[in-house]
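Asks: File follows, entry.txt with compact mmCIF, C-alpha atoms (C1' of nucleotides):
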```txt
# COMPACT_ATOMS: atom_id res chain seq x y z
CA MET A 1 -0.24 12.95 30.38
CA THR A 2 0.69 9.39 31.16
CA VAL A 3 3.09 7.96 33.69
CA ASP A 4 6.56 9.28 33.16
CA LEU A 5 9.16 6.59 32.71
CA GLU A 6 12.47 7.54 34.16
CA LEU A 7 15.11 5.77 32.19
CA ALA A 8 18.69 5.32 33.16
CA PRO A 9 21.01 8.09 32.05
CA LYS A 10 22.17 7.84 28.50
CA THR A 11 25.83 8.24 29.36
CA LYS A 12 28.42 5.80 28.24
CA ARG A 13 29.15 3.09 30.75
CA PRO A 14 32.27 0.95 30.85
CA ALA A 15 31.74 -2.44 29.30
CA GLY A 16 31.66 -5.29 31.78
CA ARG A 17 29.25 -3.41 33.98
CA PRO A 18 25.53 -4.16 33.42
CA CYS A 19 23.84 -1.53 31.30
CA CYS A 20 20.78 -0.87 33.41
CA GLU A 21 18.60 -2.48 36.03
CA PRO A 22 15.28 -3.89 34.91
CA VAL A 23 12.41 -1.44 34.92
CA VAL A 24 8.82 -2.42 35.55
CA TYR A 25 6.54 -1.12 32.88
CA PRO A 26 3.26 0.24 34.25
CA ASP A 27 0.22 -1.82 33.33
CA VAL A 28 -1.99 1.18 32.81
CA GLU A 29 0.14 2.24 29.90
CA ARG A 30 0.10 -1.28 28.55
CA GLU A 31 -3.67 -1.51 28.42
CA GLN A 32 -3.93 1.82 26.72
CA ALA A 33 -1.29 0.71 24.25
CA GLN A 34 -3.29 -2.43 23.50
CA ARG A 35 -6.44 -0.44 22.84
CA MET A 36 -4.68 2.01 20.58
CA ALA A 37 -2.69 -0.67 18.80
CA GLN A 38 -5.94 -2.45 18.01
CA VAL A 39 -7.23 0.69 16.32
CA ALA A 40 -3.94 1.25 14.52
CA LYS A 41 -3.89 -2.35 13.33
CA ALA A 42 -7.36 -2.01 11.89
CA LEU A 43 -6.22 1.09 10.00
CA GLY A 44 -3.04 -0.65 8.91
CA ASP A 45 -4.46 -1.83 5.62
CA PRO A 46 -4.92 0.54 2.68
CA ILE A 47 -8.37 -0.79 1.88
CA ARG A 48 -9.65 -0.33 5.42
CA LEU A 49 -8.09 3.08 5.67
CA GLN A 50 -9.85 4.11 2.48
CA LEU A 51 -13.10 2.63 3.75
CA VAL A 52 -12.87 4.74 6.88
CA ASP A 53 -11.93 7.72 4.75
CA VAL A 54 -15.00 7.35 2.58
CA LEU A 55 -17.28 6.76 5.54
CA ARG A 56 -15.93 9.83 7.29
CA LYS A 57 -16.51 12.03 4.26
CA HIS A 58 -20.16 11.11 4.45
CA ALA A 59 -21.77 12.36 7.58
CA GLY A 60 -24.48 9.72 7.40
CA LYS A 61 -24.48 6.02 6.73
CA VAL A 62 -23.21 4.48 3.51
CA CYS A 63 -24.61 1.40 1.80
CA VAL A 64 -22.23 -1.53 1.31
CA CYS A 65 -23.40 -1.69 -2.30
CA GLU A 66 -21.77 1.70 -2.79
CA LEU A 67 -18.54 0.69 -1.12
CA VAL A 68 -17.85 -2.51 -2.99
CA PRO A 69 -17.40 -1.00 -6.49
CA LEU A 70 -14.87 1.49 -5.13
CA PHE A 71 -12.30 -1.27 -4.86
CA ASP A 72 -10.98 -3.92 -7.15
CA LEU A 73 -11.98 -6.59 -4.68
CA SER A 74 -14.66 -9.20 -4.34
CA GLN A 75 -17.71 -8.43 -2.24
CA PRO A 76 -16.78 -11.01 0.42
CA THR A 77 -13.39 -9.40 0.84
CA VAL A 78 -14.86 -5.96 1.36
CA SER A 79 -17.30 -7.49 3.80
CA HIS A 80 -14.36 -9.03 5.61
CA HIS A 81 -12.61 -5.66 5.95
CA LEU A 82 -15.77 -4.04 7.23
CA LYS A 83 -16.02 -6.76 9.82
CA LYS A 84 -12.49 -6.06 10.95
CA LEU A 85 -13.30 -2.39 11.35
CA ARG A 86 -16.42 -3.31 13.27
CA GLU A 87 -14.46 -5.58 15.59
CA ALA A 88 -12.02 -2.76 16.27
CA GLY A 89 -14.93 -0.55 17.27
CA ILE A 90 -14.26 1.93 14.50
CA VAL A 91 -17.44 1.48 12.50
CA GLY A 92 -20.97 0.36 13.17
CA SER A 93 -23.55 -1.12 10.85
CA GLU A 94 -27.25 -1.15 10.46
CA ARG A 95 -29.48 -3.21 8.22
CA GLN A 96 -32.40 -1.80 6.31
CA GLY A 97 -34.11 -4.51 4.37
CA LEU A 98 -31.68 -5.96 1.89
CA TRP A 99 -29.10 -3.25 2.36
CA ALA A 100 -26.52 -2.76 5.06
CA TYR A 101 -25.32 0.69 5.98
CA TYR A 102 -22.03 1.46 7.67
CA TYR A 103 -20.89 4.52 9.56
CA VAL A 104 -17.91 5.65 11.59
CA ILE A 105 -18.43 5.58 15.34
CA PRO A 106 -17.70 9.19 16.27
CA ASP A 107 -15.26 8.94 19.17
CA SER A 108 -13.66 5.63 18.32
CA LEU A 109 -10.51 7.25 16.96
CA GLU A 110 -10.18 9.93 19.58
CA GLU A 111 -7.84 8.31 22.10
CA PHE A 112 -5.44 7.19 19.39
CA SER A 113 -5.64 10.49 17.59
CA ALA A 114 -4.92 12.41 20.79
CA TRP A 115 -1.91 10.26 21.58
CA LEU A 116 -0.56 10.72 18.08
CA THR A 117 -0.73 14.49 18.19
CA MET B 1 -8.57 18.34 1.52
CA THR B 2 -8.50 15.34 -0.74
CA VAL B 3 -10.55 14.51 -3.78
CA ASP B 4 -14.22 14.35 -2.97
CA LEU B 5 -15.86 11.11 -3.90
CA GLU B 6 -19.39 11.55 -5.04
CA LEU B 7 -21.27 8.44 -4.21
CA ALA B 8 -24.63 7.42 -5.49
CA PRO B 9 -27.55 8.66 -3.44
CA LYS B 10 -28.31 6.62 -0.39
CA THR B 11 -31.99 6.33 -1.18
CA LYS B 12 -33.71 3.02 -1.39
CA ARG B 13 -33.86 1.57 -4.85
CA PRO B 14 -36.26 -1.10 -6.00
CA ALA B 15 -34.60 -4.50 -6.07
CA GLY B 16 -34.00 -5.90 -9.52
CA ARG B 17 -32.37 -2.67 -10.58
CA PRO B 18 -28.58 -2.51 -10.21
CA CYS B 19 -27.51 -0.75 -7.03
CA CYS B 20 -24.92 1.59 -8.44
CA GLU B 21 -22.59 2.00 -11.37
CA PRO B 22 -18.92 1.25 -10.81
CA VAL B 23 -16.89 4.18 -9.55
CA VAL B 24 -13.24 4.70 -10.33
CA TYR B 25 -11.22 5.34 -7.23
CA PRO B 26 -8.62 8.07 -7.70
CA ASP B 27 -5.05 6.84 -7.55
CA VAL B 28 -3.81 9.84 -5.65
CA GLU B 29 -5.92 8.86 -2.72
CA ARG B 30 -4.72 5.31 -2.98
CA GLU B 31 -1.06 6.20 -2.71
CA GLN B 32 -1.70 8.38 0.29
CA ALA B 33 -3.70 5.57 1.83
CA GLN B 34 -0.80 3.20 1.29
CA ARG B 35 1.65 5.54 2.97
CA MET B 36 -0.61 6.13 5.93
CA ALA B 37 -1.56 2.47 6.25
CA GLN B 38 2.12 1.60 6.41
CA VAL B 39 2.53 3.92 9.37
CA ALA B 40 -0.64 2.61 11.01
CA LYS B 41 0.48 -0.96 10.50
CA ALA B 42 3.79 -0.25 12.21
CA LEU B 43 1.90 1.21 15.16
CA GLY B 44 -0.52 -1.71 15.15
CA ASP B 45 1.40 -3.69 17.73
CA PRO B 46 1.31 -2.80 21.42
CA ILE B 47 5.06 -3.25 21.82
CA ARG B 48 5.89 -0.96 18.93
CA LEU B 49 3.37 1.60 20.07
CA GLN B 50 4.97 1.61 23.51
CA LEU B 51 8.41 1.87 21.97
CA VAL B 52 7.35 4.96 20.05
CA ASP B 53 5.71 6.30 23.18
CA VAL B 54 8.90 5.95 25.20
CA LEU B 55 11.04 7.42 22.44
CA ARG B 56 8.72 10.37 22.10
CA LYS B 57 8.82 11.11 25.82
CA HIS B 58 12.57 11.50 25.51
CA ALA B 59 13.51 14.39 23.34
CA GLY B 60 16.89 12.87 22.57
CA LYS B 61 18.04 9.44 21.57
CA VAL B 62 17.50 6.35 23.70
CA CYS B 63 19.86 3.40 24.01
CA VAL B 64 18.50 -0.02 23.01
CA CYS B 65 19.91 -1.36 26.26
CA GLU B 66 17.40 0.83 28.06
CA LEU B 67 14.50 -0.27 25.89
CA VAL B 68 14.94 -4.02 26.14
CA PRO B 69 14.29 -4.36 29.91
CA LEU B 70 11.04 -2.41 29.58
CA PHE B 71 9.40 -5.40 27.96
CA ASP B 72 9.08 -9.05 28.78
CA LEU B 73 10.65 -9.97 25.48
CA SER B 74 13.94 -11.26 24.21
CA GLN B 75 16.48 -8.79 22.89
CA PRO B 76 16.18 -10.06 19.29
CA THR B 77 12.43 -9.52 19.39
CA VAL B 78 12.80 -5.92 20.52
CA SER B 79 15.41 -5.46 17.83
CA HIS B 80 12.94 -6.85 15.32
CA HIS B 81 10.26 -4.37 16.36
CA LEU B 82 12.69 -1.49 16.14
CA LYS B 83 13.57 -2.62 12.64
CA LYS B 84 9.91 -2.57 11.67
CA LEU B 85 9.58 0.97 12.97
CA ARG B 86 12.69 1.94 11.06
CA GLU B 87 11.36 0.44 7.84
CA ALA B 88 8.15 2.40 8.30
CA GLY B 89 10.17 5.58 8.57
CA ILE B 90 8.99 6.29 12.08
CA VAL B 91 12.29 5.99 13.91
CA GLY B 92 15.93 6.38 13.08
CA SER B 93 19.00 4.88 14.70
CA GLU B 94 22.55 5.80 15.30
CA ARG B 95 25.45 3.74 16.59
CA GLN B 96 27.95 4.95 19.12
CA GLY B 97 30.49 2.31 19.82
CA LEU B 98 28.76 -0.74 21.18
CA TRP B 99 25.49 1.02 21.79
CA ALA B 100 22.70 1.85 19.40
CA TYR B 101 20.48 4.83 19.98
CA TYR B 102 17.00 5.25 18.57
CA TYR B 103 14.87 8.34 18.12
CA VAL B 104 11.55 9.29 16.57
CA ILE B 105 11.80 11.00 13.22
CA PRO B 106 9.96 14.27 13.87
CA ASP B 107 7.50 14.59 11.00
CA SER B 108 7.05 10.92 10.20
CA LEU B 109 3.66 10.74 11.89
CA GLU B 110 2.35 14.06 10.67
CA GLU B 111 0.43 13.07 7.56
CA PHE B 112 -1.32 10.22 9.31
CA SER B 113 -1.98 12.30 12.40
CA ALA B 114 -3.48 15.09 10.31
CA TRP B 115 -5.76 12.70 8.45
CA LEU B 116 -6.91 11.16 11.69
CA THR B 117 -7.89 14.47 13.24
C1' DC C 1 45.48 -11.07 20.22
C1' DG C 2 41.52 -13.12 22.80
C1' DG C 3 37.55 -12.79 25.41
C1' DC C 4 33.61 -10.08 26.50
C1' DT C 5 29.53 -7.27 25.32
C1' DG C 6 25.59 -4.84 22.98
C1' DT C 7 23.09 -5.31 18.80
C1' DA C 8 21.54 -7.35 14.50
C1' DT C 9 20.56 -11.31 11.63
C1' DT C 10 19.08 -16.05 10.68
C1' DG C 11 16.10 -20.06 10.90
C1' DA C 12 12.15 -22.11 12.56
C1' DC C 13 7.36 -22.28 13.73
C1' DA C 14 2.70 -21.39 15.05
C1' DA C 15 -0.75 -17.87 14.61
C1' DA C 16 -2.98 -14.38 12.10
C1' DC C 17 -4.14 -12.28 7.69
C1' DA C 18 -5.93 -11.10 2.84
C1' DT C 19 -8.12 -12.95 -0.74
C1' DC C 20 -11.25 -15.62 -3.56
C1' DG C 21 -15.09 -18.84 -5.06
C1' DA C 22 -18.93 -21.14 -3.36
C1' DT C 23 -22.51 -21.17 -0.32
C1' DT C 24 -25.84 -19.52 2.99
C1' DC C 25 -29.11 -16.28 4.77
C1' DA C 26 -32.68 -12.89 4.94
C1' DA C 27 -35.71 -9.89 2.74
C1' DT C 28 -38.15 -8.29 -1.26
C1' DT C 29 -40.73 -8.94 -5.65
C1' DG C 30 -43.58 -11.12 -8.87
C1' DC D 1 -44.50 -19.98 -3.06
C1' DA D 2 -40.48 -19.38 -6.20
C1' DA D 3 -37.06 -16.48 -7.96
C1' DT D 4 -34.01 -12.80 -7.10
C1' DT D 5 -30.88 -9.92 -4.68
C1' DG D 6 -27.51 -7.76 -1.22
C1' DA D 7 -24.63 -9.13 2.41
C1' DA D 8 -22.37 -12.38 5.44
C1' DT D 9 -20.14 -16.69 6.29
C1' DC D 10 -17.39 -20.79 5.12
C1' DG D 11 -13.36 -23.33 3.35
C1' DA D 12 -9.12 -23.14 1.18
C1' DT D 13 -4.68 -21.12 0.08
C1' DG D 14 -0.61 -18.53 0.00
C1' DT D 15 1.55 -14.70 2.65
C1' DT D 16 2.84 -12.13 6.58
C1' DT D 17 3.70 -11.71 11.47
C1' DG D 18 5.55 -12.22 16.33
C1' DT D 19 8.47 -14.81 18.89
C1' DC D 20 12.54 -17.30 20.49
C1' DA D 21 17.13 -19.78 20.46
C1' DA D 22 21.23 -19.77 18.16
C1' DT D 23 24.48 -17.39 15.70
C1' DA D 24 27.00 -13.62 13.63
C1' DC D 25 28.98 -9.17 13.90
C1' DA D 26 31.50 -5.24 15.59
C1' DG D 27 33.59 -2.56 19.15
C1' DC D 28 35.87 -2.41 23.65
C1' DC D 29 39.31 -3.84 27.17
C1' DG D 30 42.89 -6.30 29.43
```
Would you encode the structure as structure tokens?
Replies:
Amino acid sequence: MTVDLELAPKTKRPAGRPCCEPVVYPDVEREQAQRMAQVAKALGDPIRLQLVDVLRKHAGKVCVCELVPLFDLSQPTVSHHLKKLREAGIVGSERQGLWAYYYVIPDSLEEFSAWLT
Amino acid sequence: MTVDLELAPKTKRPAGRPCCEPVVYPDVEREQAQRMAQVAKALGDPIRLQLVDVLRKHAGKVCVCELVPLFDLSQPTVSHHLKKLREAGIVGSERQGLWAYYYVIPDSLEEFSAWLT
DNA sequence: CGGCTGTATTGACAAACATCGATTCAATTG
DNA sequence: CAATTGAATCGATGTTTGTCAATACAGCCG
């Protein structure tokens, strides 16, 4: 449960009278919204959503070389999307020699998922 | 459950040998990803996420005149965000005289929410 | 009708984004 | 060491986005 915002009554008011006094929006809610919006934004591209989908279907880590041929995109572009997901805290990566392996960070989606439900 | 993508084994391969053969990505999954990414994109802005949050906390419809003062934004900008949410199918609107009332469309978030869980 | 009022649209603009080709970088192999 | 290879970064380009001021639009009231 978050802070409950009491809004003015939704009854019809006569025109000429101001609609409602300004309401201060709590900052707590705003910070949470920024965190969740960052996650949502990262998922707001079909490619990235599919990347997360594939990574989630595999319990372990997945090599970038397996991800690239799944899409009709250049390798740098896929790398770019993975970076975006990393910056949003949704995935992590690990290098092993020449290969890079990506995985979903377990609880990264939890706050957003809980809010959405 | 969606189509299961069998990826190549994640074992180390000797360099000089190709990493993995190209895999065709099923179109069904792609269309679902596009739908869900559209929803995620619409929620990928703190203002819009807060708008949806406020609308969801109110079972009924909420007047735009009550939404505008919640944010430090001009009225046209709030109107723009509401339009984006409408285009994503997340909210609906209804006019009553001078006032416009917005509400969350009940099942619009369900597919995305289910995938995320 | 004429003026006011809540909302939506338009136009403009800077910032962010998706994409690619070319390049760089690091590690492995011969 | 030299060549190769998988991944990341860079530079460029065209598109989308968030925002506001100004304007348009539609309904209400005197």
Asks: May I ask which of the residues D:DC1, D:DC28, D:DG11, D:DA22 is the closest one to chain B, counting all atoms listed in the file?
Replies: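 With all atoms listed in the file as the atom set, the closest residue is D:DC28.
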Asks: If you measure from atom CA of Ile105 of chain B to atom CA of Ala88 of chain B, what distance in Å do you get, rounded to one decimal?
Replies: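 Calculated distance between atom CA of Ile105 of chain B and atom CA of Ala88 of chain B is 10.6 Å.
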Asks: Which one of A:Lys41, A:Arg86, A:Lys61, A:Arg30 sits closest to chain C if you count all atoms listed in the file?
Replies: A:Lys41
Asks: Report, in Å to a single decimal, how far apart atom C1' of DA12 of chain C and atom CA of Pro69 of chain B are.
Replies: 24.9 Å
Asks: Give me, as number ranges by chain, the residues of chain D touching chain A, with the criterion being at most 9 Å (counting all atoms listed in the file).
Replies: D: 5-9, 28-29
Asks: Segment 64-75 of chain B, all listed atoms, 4 Å padding on each side: what axis-aligned box centre and edge lengths in Å to one decimal come out, as lines of an AutoDock Vina configuration file?
Replies:
```
center_x = 14.5
center_y = -5.2
center_z = 26.4
size_x = 18.8
size_y = 20.1
size_z = 15.0
```
Asks: Could you tell me how far atom C1' of DT16 of chain D lies from atom C1' of DC13 of chain C, in Å and to one decimal?
Replies: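 Result for atom C1' of DT16 of chain D versus atom C1' of DC13 of chain C: 13.2 Å, one decimal.
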Asks: Select, as an mmCIF file with C-alpha atoms (C1' of nucleotides), in the frame of the given file, those residues of chain C with any atom no more than 10 Å from chain A (distances computed using all atoms listed in the file).
Replies:
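Once written, iface_15.cif looks like this:
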```cif
data_model
loop_
_atom_site.group_PDB
_atom_site.id
_atom_site.type_symbol
_atom_site.label_atom_id
_atom_site.label_comp_id
_atom_site.auth_asym_id
_atom_site.auth_seq_id
_atom_site.Cartn_x
_atom_site.Cartn_y
_atom_site.Cartn_z
ATOM 1 C "C1'" DC C 4 33.610 -10.080 26.500
ATOM 2 C "C1'" DT C 5 29.530 -7.270 25.320
ATOM 3 C "C1'" DG C 6 25.590 -4.840 22.980
ATOM 4 C "C1'" DA C 18 -5.930 -11.100 2.840
ATOM 5 C "C1'" DT C 19 -8.120 -12.950 -0.740
ATOM 6 C "C1'" DC C 20 -11.250 -15.620 -3.560
ATOM 7 C "C1'" DG C 21 -15.090 -18.840 -5.060
ATOM 8 C "C1'" DA C 26 -32.680 -12.890 4.940
ATOM 9 C "C1'" DA C 27 -35.710 -9.890 2.740
ATOM 10 C "C1'" DT C 28 -38.150 -8.290 -1.260
#
```
Asks: Taking into account all atoms listed in the file, which residue in the set A:Ala42, A:Leu67, A:Ile90, A:Ala37 is nearest to chain B?
Replies: A:Ala37
